[in-house]
>>> print(open('start-v2.txt').read())   # compact mmCIF, C-alpha atoms
# COMPACT_ATOMS: atom_id res chain seq x y z
CA MET A 16 -15.37 31.70 14.39
CA SER A 17 -13.81 32.36 11.05
CA ILE A 18 -10.77 30.37 9.95
CA ILE A 19 -8.65 31.88 7.21
CA PRO A 20 -5.68 29.87 5.82
CA GLU A 21 -3.39 32.88 5.81
CA GLU A 22 -3.88 33.30 9.55
CA LEU A 23 -3.12 29.69 10.55
CA ARG A 24 0.05 27.95 11.68
CA TYR A 25 1.20 24.72 10.04
CA LEU A 26 3.27 21.61 10.46
CA GLU A 27 5.33 20.71 7.44
CA SER A 28 3.30 17.49 7.36
CA HIS A 29 0.26 19.66 6.44
CA GLU A 30 -1.73 19.88 9.65
CA TRP A 31 -3.03 23.35 10.53
CA VAL A 32 -3.80 24.86 13.91
CA HIS A 33 -6.00 27.80 14.85
CA VAL A 34 -6.33 29.55 18.20
CA SER A 35 -9.16 32.03 18.57
CA ASN A 36 -9.11 35.08 20.78
CA GLU A 37 -12.26 33.86 22.55
CA THR A 38 -10.66 30.58 23.71
CA PRO A 39 -6.91 31.25 23.84
CA GLY A 40 -5.98 27.92 25.47
CA ILE A 41 -7.80 25.81 22.92
CA ALA A 42 -6.20 24.86 19.58
CA THR A 43 -8.38 23.75 16.68
CA VAL A 44 -6.59 21.30 14.37
CA GLY A 45 -7.21 20.13 10.80
CA ILE A 46 -5.38 19.17 7.60
CA SER A 47 -4.69 21.67 4.82
CA ALA A 48 -6.19 21.93 1.35
CA PHE A 49 -2.81 20.79 -0.01
CA ALA A 50 -2.98 17.61 2.08
CA VAL A 51 -6.57 16.93 1.05
CA ALA A 52 -5.54 17.29 -2.60
CA GLU A 53 -2.59 14.90 -2.11
CA LEU A 54 -4.79 12.37 -0.38
CA THR A 55 -7.35 12.47 -3.23
CA ASP A 56 -10.21 10.09 -2.37
CA LEU A 57 -10.39 9.80 1.39
CA VAL A 58 -12.22 6.69 2.55
CA PHE A 59 -11.47 6.40 6.27
CA MET A 60 -10.37 8.64 9.09
CA ALA A 61 -9.54 7.46 12.62
CA LEU A 62 -9.84 10.18 15.27
CA PRO A 63 -8.47 10.34 18.82
CA LYS A 64 -10.77 10.08 21.81
CA VAL A 65 -11.85 13.00 23.97
CA GLY A 66 -9.55 13.07 26.99
CA GLN A 67 -6.64 11.53 25.08
CA SER A 68 -3.24 13.17 25.37
CA VAL A 69 -1.52 14.32 22.18
CA SER A 70 2.06 15.46 21.69
CA ALA A 71 3.41 18.01 19.26
CA GLY A 72 4.84 16.28 16.20
CA HIS A 73 3.36 12.88 17.08
CA GLU A 74 0.51 10.94 15.51
CA PHE A 75 -3.02 11.62 16.69
CA GLY A 76 -5.00 9.88 13.94
CA GLU A 77 -4.91 8.14 10.57
CA VAL A 78 -6.47 8.52 7.14
CA GLU A 79 -6.81 6.09 4.25
CA SER A 80 -6.93 7.00 0.59
CA VAL A 81 -6.13 5.02 -2.54
CA LYS A 82 -5.30 1.97 -0.38
CA ALA A 83 -2.67 3.97 1.54
CA VAL A 84 -2.84 4.66 5.27
CA SER A 85 -1.17 7.90 6.38
CA PRO A 86 -0.70 9.43 9.81
CA MET A 87 -1.94 12.81 10.99
CA TYR A 88 0.39 14.64 13.37
CA SER A 89 -0.59 16.98 16.16
CA PRO A 90 0.86 20.50 15.90
CA VAL A 91 0.53 21.01 19.67
CA SER A 92 0.68 19.08 22.93
CA GLY A 93 -2.23 18.78 25.32
CA THR A 94 -5.53 17.00 25.89
CA VAL A 95 -8.23 16.42 23.30
CA VAL A 96 -11.38 18.20 24.47
CA GLU A 97 -13.57 17.79 21.39
CA ILE A 98 -13.54 15.79 18.16
CA HIS A 99 -15.44 16.41 14.94
CA SER A 100 -17.07 12.98 14.90
CA GLU A 101 -19.46 13.84 12.05
CA LEU A 102 -16.50 14.40 9.76
CA VAL A 103 -15.63 10.69 9.48
CA ASN A 104 -18.96 10.05 7.75
CA ASN A 105 -18.65 13.14 5.60
CA LEU A 106 -15.04 13.10 4.42
CA GLU A 107 -15.89 14.47 1.00
CA SER A 108 -16.64 17.79 2.69
CA LEU A 109 -12.91 18.20 3.33
CA SER A 110 -12.29 18.85 -0.34
CA VAL A 111 -14.83 21.68 -0.22
CA ASP A 112 -13.92 23.18 3.15
CA PRO A 113 -10.77 21.79 4.78
CA TYR A 114 -10.59 24.66 7.25
CA GLU A 115 -13.69 25.95 8.98
CA GLY A 116 -15.99 22.98 8.30
CA GLY A 117 -13.15 20.45 8.17
CA TRP A 118 -11.72 20.84 11.66
CA ILE A 119 -10.74 17.49 13.20
CA MET A 120 -10.08 18.02 16.90
CA LYS A 121 -9.77 20.67 19.60
CA VAL A 122 -6.90 20.45 22.06
CA GLN A 123 -6.47 22.06 25.47
CA MET A 124 -2.85 23.11 25.02
CA SER A 125 -0.34 22.26 27.71
CA ASP A 126 2.37 24.45 26.20
CA PRO A 127 1.09 27.30 23.99
CA SER A 128 4.66 28.35 23.29
CA GLU A 129 4.83 25.43 20.84
CA LEU A 130 2.77 27.53 18.43
CA ALA A 131 5.77 29.74 17.77
CA ARG A 132 7.69 26.76 16.35
CA LEU A 133 5.09 26.13 13.62
CA LEU A 134 5.24 27.43 10.06
CA ASP A 135 3.43 30.60 9.10
CA TRP A 136 1.36 30.76 5.91
CA THR A 137 4.11 32.23 3.75
CA THR A 138 6.64 29.56 4.72
CA TYR A 139 4.11 26.76 4.45
CA LYS A 140 2.88 27.94 1.04
CA HIS A 141 6.48 28.10 -0.18
CA GLN A 142 6.97 24.46 0.93
CA CYS A 143 3.84 23.38 -0.94
CA ASP A 144 4.72 25.35 -4.06
CA ASN A 145 8.08 23.59 -4.15
CA ALA A 146 6.83 20.09 -3.33
CA MET B 26 5.82 -9.40 20.29
CA SER B 27 9.28 -10.90 20.05
CA LEU B 28 9.98 -12.40 16.69
CA PRO B 29 10.93 -16.05 16.37
CA PHE B 30 14.10 -17.02 14.59
CA VAL B 31 13.41 -16.94 10.90
CA PRO B 32 15.92 -18.71 8.67
CA GLU B 33 15.60 -16.13 5.93
CA THR B 34 17.52 -16.01 2.68
CA LYS B 35 18.95 -12.53 2.64
CA PHE B 36 21.32 -10.84 0.23
CA GLY B 37 22.41 -7.31 -0.53
CA VAL B 38 21.78 -5.59 -3.82
CA PRO B 39 24.09 -2.79 -4.92
CA LEU B 40 21.97 0.17 -5.98
CA ALA B 41 23.08 2.55 -8.69
CA GLY B 42 23.08 6.30 -8.23
CA GLY B 43 23.37 6.65 -4.48
CA PRO B 44 24.73 5.34 -1.21
CA ARG B 45 21.66 3.33 -0.38
CA GLU B 46 21.78 -0.40 -0.06
CA GLY B 47 19.10 -2.81 -1.08
CA VAL B 48 18.31 -6.00 0.77
CA VAL B 49 16.25 -8.86 -0.59
CA ARG B 50 14.93 -11.44 1.85
CA ILE B 51 12.95 -14.55 1.04
CA ASP B 52 11.25 -16.00 4.07
CA PRO B 53 9.87 -19.51 4.52
CA PRO B 54 6.11 -19.87 5.08
CA LEU B 55 5.28 -18.29 8.45
CA SER B 56 2.21 -17.60 10.56
CA GLY B 57 0.15 -14.54 9.74
CA GLU B 58 1.06 -12.96 13.05
CA THR B 59 4.78 -13.40 12.40
CA ASN B 60 4.56 -12.21 8.82
CA MET B 61 2.84 -9.00 9.87
CA ALA B 62 5.15 -8.49 12.84
CA ILE B 63 8.21 -8.67 10.56
CA ASP B 64 6.81 -6.05 8.21
CA GLU B 65 5.75 -3.82 11.08
CA ALA B 66 9.22 -4.10 12.62
CA LEU B 67 10.86 -3.20 9.31
CA LEU B 68 8.78 -0.03 9.13
CA ARG B 69 8.99 0.84 12.82
CA ASP B 70 12.77 0.49 12.98
CA ALA B 71 13.59 2.19 9.67
CA THR B 72 16.01 5.10 9.80
CA PRO B 73 17.24 7.29 6.94
CA GLU B 74 20.33 5.06 6.81
CA SER B 75 18.37 1.81 6.62
CA PRO B 76 18.46 -0.18 3.39
CA ILE B 77 15.50 -0.55 1.08
CA VAL B 78 14.13 -3.99 1.91
CA LEU B 79 12.28 -6.23 -0.51
CA ARG B 80 10.69 -9.21 1.22
CA VAL B 81 8.94 -12.08 -0.57
CA TYR B 82 7.04 -14.53 1.58
CA GLN B 83 4.32 -17.13 1.99
CA TRP B 84 1.99 -18.22 4.81
CA GLU B 85 2.10 -21.51 6.69
CA GLN B 86 -1.68 -21.90 6.49
CA PRO B 87 -4.44 -20.10 4.58
CA THR B 88 -4.90 -16.80 6.39
CA LEU B 89 -7.16 -13.80 5.91
CA SER B 90 -5.50 -10.39 6.10
CA LEU B 91 -7.73 -7.37 6.54
CA GLY B 92 -6.96 -3.90 5.28
CA HIS B 93 -6.09 -1.57 8.14
CA PHE B 94 -9.56 -0.07 8.49
CA GLN B 95 -11.66 -3.11 7.58
CA SER B 96 -14.04 -4.75 10.04
CA TRP B 97 -13.67 -8.48 10.62
CA GLU B 98 -17.45 -8.70 10.98
CA ASP B 99 -17.79 -7.91 7.28
CA CYS B 100 -16.06 -11.15 6.32
CA ARG B 101 -19.12 -13.09 7.50
CA THR B 102 -20.85 -12.14 4.25
CA ILE B 103 -18.50 -14.46 2.34
CA PRO B 104 -18.75 -18.20 3.15
CA GLY B 105 -15.60 -19.75 4.55
CA LEU B 106 -13.72 -16.57 5.39
CA SER B 107 -14.68 -16.42 9.05
CA ASP B 108 -13.19 -19.90 9.57
CA LEU B 109 -9.72 -18.70 8.62
CA PRO B 110 -7.14 -17.32 11.04
CA TRP B 111 -6.86 -13.62 10.40
CA VAL B 112 -4.54 -10.68 10.84
CA ARG B 113 -4.81 -6.98 10.24
CA ARG B 114 -2.35 -5.30 7.90
CA LYS B 115 -0.82 -1.90 8.53
CA THR B 116 -1.59 -1.11 4.90
CA GLY B 117 -4.99 -0.11 3.51
CA GLY B 118 -7.22 -1.65 0.85
CA GLY B 119 -9.30 -4.81 0.88
CA ALA B 120 -8.97 -8.24 2.47
CA ILE B 121 -6.78 -10.97 0.99
CA VAL B 122 -6.96 -14.73 1.41
CA HIS B 123 -3.30 -15.70 1.58
CA ASP B 124 -3.58 -19.22 0.27
CA GLN B 125 -2.55 -19.71 -3.35
CA GLU B 126 -0.59 -16.50 -3.73
CA ILE B 127 2.81 -14.91 -3.16
CA THR B 128 3.08 -11.88 -0.89
CA TYR B 129 5.72 -9.19 -1.12
CA SER B 130 6.52 -6.17 0.97
CA ILE B 131 8.88 -3.36 0.19
CA LEU B 132 10.12 -0.88 2.75
CA ILE B 133 11.49 2.46 1.62
CA PRO B 134 12.93 4.43 4.55
CA GLU B 135 12.05 8.12 4.67
CA THR B 136 15.14 10.18 4.04
CA ARG B 137 13.55 13.59 4.01
CA ASN B 138 11.16 15.38 6.28
CA LYS B 139 7.81 13.77 6.88
CA THR B 140 5.94 16.06 4.53
CA SER B 141 4.11 13.55 2.34
CA LYS B 142 0.61 12.30 2.80
CA GLY B 143 -1.33 9.72 0.85
CA HIS B 144 -0.33 7.10 -1.63
CA SER B 145 2.67 6.97 -3.91
CA GLU B 146 1.29 6.30 -7.35
CA LEU B 147 4.84 6.06 -8.70
CA LEU B 148 5.67 3.16 -6.43
CA TYR B 149 2.49 1.29 -7.30
CA ARG B 150 3.21 1.77 -10.99
CA ALA B 151 6.93 0.92 -10.79
CA ILE B 152 6.29 -2.42 -9.07
CA HIS B 153 3.21 -3.42 -11.03
CA GLY B 154 4.68 -2.18 -14.30
CA SER B 155 7.74 -4.37 -13.91
CA VAL B 156 5.57 -7.43 -13.25
CA VAL B 157 3.41 -6.57 -16.28
CA GLU B 158 6.51 -6.34 -18.43
CA ASN B 159 7.80 -9.73 -17.32
CA LEU B 160 4.46 -11.53 -17.53
CA LYS B 161 4.19 -10.24 -21.09
CA LYS B 162 7.55 -11.81 -21.85
CA LEU B 163 6.11 -15.10 -20.65
CA GLY B 164 3.10 -14.76 -22.94
CA TRP B 165 0.40 -13.25 -20.75
CA ASP B 166 -1.55 -10.25 -21.95
CA ALA B 167 -1.03 -8.46 -18.65
CA LYS B 168 -1.74 -4.77 -18.20
CA LEU B 169 -2.69 -2.20 -15.59
CA SER B 170 -6.42 -1.88 -15.04
CA GLU B 171 -6.59 1.91 -15.44
CA THR B 172 -10.20 1.64 -14.18
CA CYS B 173 -11.63 1.99 -10.72
CA THR B 174 -14.44 0.35 -8.75
CA CYS B 175 -13.80 3.02 -7.02
CA SER B 176 -13.26 3.83 -3.38
CA THR B 177 -14.29 7.35 -2.39
CA ALA B 178 -15.46 9.10 0.72
CA THR B 179 -19.09 8.66 -0.27
CA ASN B 180 -19.24 5.09 -1.55
CA GLN B 181 -16.55 3.13 0.30
CA LYS B 182 -19.15 0.93 1.97
CA GLU B 183 -20.15 -0.39 -1.45
CA GLU B 184 -16.66 -1.64 -2.24
CA PRO B 185 -16.22 -5.41 -2.38
CA PHE B 186 -14.70 -6.84 0.80
CA LEU B 187 -11.91 -8.70 -1.00
CA CYS B 188 -8.97 -6.88 -2.59
CA PHE B 189 -9.07 -9.10 -5.68
CA SER B 190 -12.71 -8.21 -6.29
CA ARG B 191 -11.86 -4.49 -6.35
CA ARG B 192 -10.26 -2.53 -9.17
CA SER B 193 -8.00 0.47 -8.93
CA PRO B 194 -6.18 2.00 -11.91
CA VAL B 195 -2.82 0.50 -10.91
CA ASP B 196 -4.03 -3.08 -10.40
CA LEU B 197 -2.48 -5.69 -12.66
CA ILE B 198 -5.09 -7.54 -14.69
CA ILE B 199 -5.17 -10.28 -17.30
CA GLY B 200 -8.39 -10.09 -19.25
CA THR B 201 -10.86 -9.01 -16.59
CA HIS B 202 -9.08 -10.83 -13.76
CA LYS B 203 -7.01 -9.04 -11.16
CA ILE B 204 -3.74 -10.87 -10.54
CA LEU B 205 -1.67 -8.39 -8.54
CA GLY B 206 -2.86 -5.78 -6.07
CA SER B 207 -0.94 -3.65 -3.58
CA ALA B 208 -1.53 -1.25 -0.71
CA GLN B 209 0.61 1.17 1.28
CA ARG B 210 1.37 2.60 4.69
CA ARG B 211 3.22 5.82 5.38
CA THR B 212 4.84 6.78 8.64
CA SER B 213 7.51 9.29 9.54
CA ALA B 214 9.97 6.37 9.25
CA GLY B 215 9.12 5.36 5.72
CA LEU B 216 6.76 3.87 3.19
CA LEU B 217 5.68 0.23 3.32
CA GLN B 218 3.99 -1.38 0.34
CA HIS B 219 2.33 -4.79 0.51
CA GLY B 220 1.26 -6.73 -2.54
CA SER B 221 -0.18 -10.10 -3.46
CA LEU B 222 0.33 -12.04 -6.69
CA LEU B 223 -2.48 -14.55 -7.20
CA ILE B 224 -1.09 -17.82 -8.55
CA HIS B 225 -3.91 -20.35 -8.22
CA GLN B 226 -7.60 -20.30 -7.43
CA SER B 227 -8.16 -20.87 -3.70
CA PRO B 228 -10.96 -23.23 -2.59
CA THR B 229 -12.04 -20.46 -0.20
CA THR B 230 -12.48 -17.92 -2.99
CA PRO B 231 -13.32 -19.99 -6.08
CA LYS B 232 -14.48 -16.98 -8.06
CA LEU B 233 -11.01 -15.47 -7.97
CA ILE B 234 -8.78 -17.15 -10.49
CA GLY B 235 -5.03 -16.85 -10.68
CA LEU B 236 -2.25 -17.03 -13.20
CA SER B 237 -2.42 -20.79 -13.51
CA GLU B 238 -6.09 -20.67 -14.50
CA LEU B 239 -5.20 -18.03 -17.07
CA THR B 240 -2.37 -20.03 -18.53
CA ARG B 241 -1.92 -20.98 -22.10
CA TYR B 242 -0.20 -24.29 -22.59
CA ILE B 243 3.46 -23.58 -22.02
CA PRO B 244 6.01 -26.39 -21.80
CA SER B 245 6.94 -26.25 -18.16
CA LYS B 246 10.67 -26.64 -18.61
CA PHE B 247 10.72 -23.49 -20.71
CA VAL B 248 8.65 -21.64 -18.17
CA GLN B 249 11.03 -22.71 -15.45
CA GLU B 250 13.99 -21.60 -17.50
CA ALA B 251 12.31 -18.37 -18.45
CA PHE B 252 12.16 -17.35 -14.82
CA HIS B 253 15.83 -16.70 -15.21
CA THR B 254 16.09 -13.53 -17.23
CA ASP B 255 18.78 -14.90 -19.52
CA SER B 256 16.48 -17.66 -20.65
CA ILE B 257 13.53 -15.51 -21.66
CA SER B 258 14.90 -15.01 -25.18
CA ASN B 259 15.41 -18.79 -25.43
CA TYR B 260 11.83 -19.31 -24.42
CA ASN B 261 10.56 -16.77 -26.94
CA GLN B 262 12.68 -18.38 -29.66
CA HIS B 263 11.25 -21.78 -28.79
CA MET B 264 7.73 -20.38 -28.99
CA ARG B 265 8.42 -18.94 -32.43
CA GLU B 266 10.02 -22.16 -33.68
CA THR B 267 7.15 -24.32 -32.51
CA GLY B 268 4.49 -21.96 -33.79
CA LEU B 269 3.12 -21.37 -30.29
CA THR B 270 2.66 -17.68 -30.96
CA ASP B 271 0.10 -15.26 -29.60
CA ALA B 272 -1.81 -15.64 -32.86
CA PHE B 273 -1.91 -19.40 -32.32
CA PHE B 274 -3.18 -19.04 -28.79
CA ASN B 275 -5.78 -16.49 -29.81
CA SER B 276 -7.06 -18.71 -32.61
CA ALA B 277 -7.14 -21.63 -30.19
CA GLY B 278 -9.35 -19.77 -27.78
CA ALA B 279 -6.59 -19.01 -25.30
CA PRO B 280 -5.83 -17.93 -22.64
CA SER B 281 -7.26 -21.01 -20.94
CA VAL B 282 -6.07 -23.89 -23.06
CA ALA B 283 -4.56 -25.75 -20.16
CA ARG B 284 -3.26 -25.25 -16.66
CA ALA B 285 0.36 -24.88 -15.79
CA SER B 286 1.57 -27.00 -12.94
CA LEU B 287 3.96 -24.53 -11.42
CA ASP B 288 4.69 -24.47 -7.75
CA ARG B 289 4.54 -21.28 -5.82
CA ASN B 290 8.22 -21.30 -4.97
CA ALA B 291 8.97 -20.84 -8.65
CA TRP B 292 6.68 -17.82 -8.66
CA ALA B 293 8.35 -16.46 -5.55
CA ASP B 294 11.65 -16.68 -7.44
CA PHE B 295 10.02 -14.95 -10.39
CA LEU B 296 8.80 -12.08 -8.22
CA VAL B 297 12.18 -11.71 -6.52
CA GLY B 298 13.93 -11.62 -9.89
CA VAL B 299 11.57 -9.05 -11.35
CA LEU B 300 11.59 -6.69 -8.40
CA LYS B 301 15.28 -7.08 -7.62
CA SER B 302 16.11 -5.94 -11.13
CA ARG B 303 14.18 -2.71 -10.49
CA LEU B 304 15.44 -1.86 -7.02
CA SER B 305 17.83 0.82 -8.24
CA GLU B 306 15.03 2.54 -10.12
CA ILE B 307 12.77 2.26 -7.10
CA ALA B 308 15.47 3.64 -4.80
CA ASN B 309 16.10 6.66 -6.98
CA CYS B 310 12.50 7.70 -7.58
CA GLN B 311 10.86 10.52 -5.72
CA TRP B 312 8.16 8.80 -3.72
CA ARG B 313 5.98 11.81 -3.32
>>> encode(input="start-v2.txt", output="structure tokens")
Amino acid sequence: MSIIPEELRYLESHEWVHVSNETPGIATVGISAFAVAELTDLVFMALPKVGQSVSAGHEFGEVESVKAVSPMYSPVSGTVVEIHSELVNNLESLSVDPYEGGWIMKVQMSDPSELARLLDWTTYKHQCDNA
Amino acid sequence: MSLPFVPETKFGVPLAGGPREGVVRIDPPLSGETNMAIDEALLRDATPESPIVLRVYQWEQPTLSLGHFQSWEDCRTIPGLSDLPWVRRKTGGGAIVHDQEITYSILIPETRNKTSKGHSELLYRAIHGSVVENLKKLGWDAKLSETCTCSTATNQKEEPFLCFSRRSPVDLIIGTHKILGSAQRRTSAGLLQHGSLLIHQSPTTPKLIGLSELTRYIPSKFVQEAFHTDSISNYNQHMRETGLTDAFFNSAGAPSVARASLDRNAWADFLVGVLKSRLSEIANCQWR
């Protein structure tokens, strides 16, 4: 699996989602390089549990950096089928590879049509450039 | 939980440059659970039309508050902490013993889309900078730390457990002692910042000294008057007339010539006065 930022969909709150051709019902979710840069030194990340339901636009986890706790929002609705548990002990890797190696959870989507409501790369990049 | 009736002192503050309202509330000492529930409710219920709320409060008994991700088990490494009642804050950072200190919270409702992540350095600096400025007027050599202990993804387990033993660049220090520290929480509803101003040394954490232990001898009636902004120039004039200048204190081995006997309510008033005067600036900043 190769994850390229230009091919992802985004929430305006900086979470990305990727759906591969091999597993079309499964969405891989992470946070963008822009978010990682804004967060600076990440010290904690709380992940959802496998089997947990997530809803598009609602919180699925939390991160702490510089004494500030921030939410992470799910771009899609569905059930968490896998989490990247090693990531919480290796958060510095997010600044090197926030996409392929920095995925956070995989979700069995309940409504794949939600993907169409997310931002494409051009729109998301424009938002970041004007932040 | 349902909140008990709290006989708060609450007043509106007109804010320049926009339609937003500011509200200042001063609560009586409350339990840790109630104090946290009030702040959580302020954040949970915030809407884009909600006022900016500045809350200054105390605790009815010494209480340990943990940063959002801290483990209570870790407090066992410090004698006395595990005997205290404890609560968990929504904000990050290290643990605080709420005993001889004043706590504040400020709630800034989100008025735009929920695009921001992470801390707002501007808010940390606006609040701490205004306290620095006013402590300087009272004679303390207060400044921002501009150094870090520093919490990162790789070394966070080495950070001291207690907030006041940590250093971040925006912490307020006098000499090498941290006197004011703050932490934040973002949600789609807004940004909540908690902070603690350390007034006196607590018996539970004797290594952490507060403003009173860092006090030069200041005639208390002038300190009391100086808490009212209009009196600060009178205080400074008195200091000049009596020769109690910074040079005097430095030559006398200050800043610990003697201890001030100020009660914490006076410091709560001080904090309200300082932060209230900056609410318009805070309201009009871009908290990105």
>>> atom_distance(input="start-v2.txt", atom1="atom CA of Ala42 of chain A", atom2="atom CA of Leu130 of chain A")
9.4 Å
>>> interface_residues(input="start-v2.txt", of="chain A", to="chain B", cutoff="8 Å", atoms="all atoms listed in the file", output="ChimeraX atom specification")
/A:27-29,50,53-59,79-86,104-107
>>> closest_residue(input="start-v2.txt", among="A:Ala71, A:Ile18, A:Leu102, A:Ala52", to="Met87 of chain A", atoms="all atoms listed in the file")
A:Ala71
>>> residues_around(input="start-v2.txt", residues="Val78 of chain B", least_positions_apart="6", cutoff="8 Å", atoms="all atoms listed in the file", output="MDAnalysis selection string")
chainID B and resid 47:50 130:133
>>> atom_distance(input="start-v2.txt", atom1="atom CA of Phe186 of chain B", atom2="atom CA of Ser110 of chain A")
25.8 Å
>>> atom_distance(input="start-v2.txt", atom1="atom CA of Gly235 of chain B", atom2="atom CA of Arg289 of chain B")
11.6 Å
>>> residues_around(input="start-v2.txt", residues="Ser68 of chain A", least_positions_apart="4", cutoff="10 Å", atoms="only C-alpha atoms", output="ChimeraX atom specification")
/A:63-64,75,92-96,122-125
>>> closest_residue(input="start-v2.txt", among="A:Ser17, A:Val91, A:Ser35, A:Ser47", to="Lys140 of chain A", atoms="all atoms listed in the file")
A:Ser47
>>> residues_around(input="start-v2.txt", residues="segment 132-136 of chain A", least_positions_apart="2", cutoff="12 Å", atoms="all atoms listed in the file", output="JSON, numbers by chain")
{"A": [19, 20, 21, 22, 23, 24, 25, 26, 27, 28, 29, 30, 31, 32, 33, 47, 71, 72, 89, 90, 91, 126, 127, 128, 129, 130, 138, 139, 140, 141, 142, 143, 144]}
>>> residues_around(input="start-v2.txt", residues="segment 98-110 of chain B", least_positions_apart="5", cutoff="9 Å", atoms="all atoms listed in the file", output="list in words")
Gly57, Gln86, Pro87, Thr88, Leu89, Ser90, Ala120, Val122, Phe186, Leu187, Thr229 and Thr230 of chain B
>>> residues_near_point(input="start-v2.txt", point="(9.8, -11.7, -12.1)", cutoff="9 Å", atoms="all atoms listed in the file", output="list of chain:residue names")
B:Ser155, B:Val156, B:Glu158, B:Asn159, B:Leu160, B:Phe252, B:His253, B:Thr254, B:Trp292, B:Ala293, B:Asp294, B:Phe295, B:Leu296, B:Val297, B:Gly298, B:Val299, B:Leu300, B:Lys301, B:Ser302
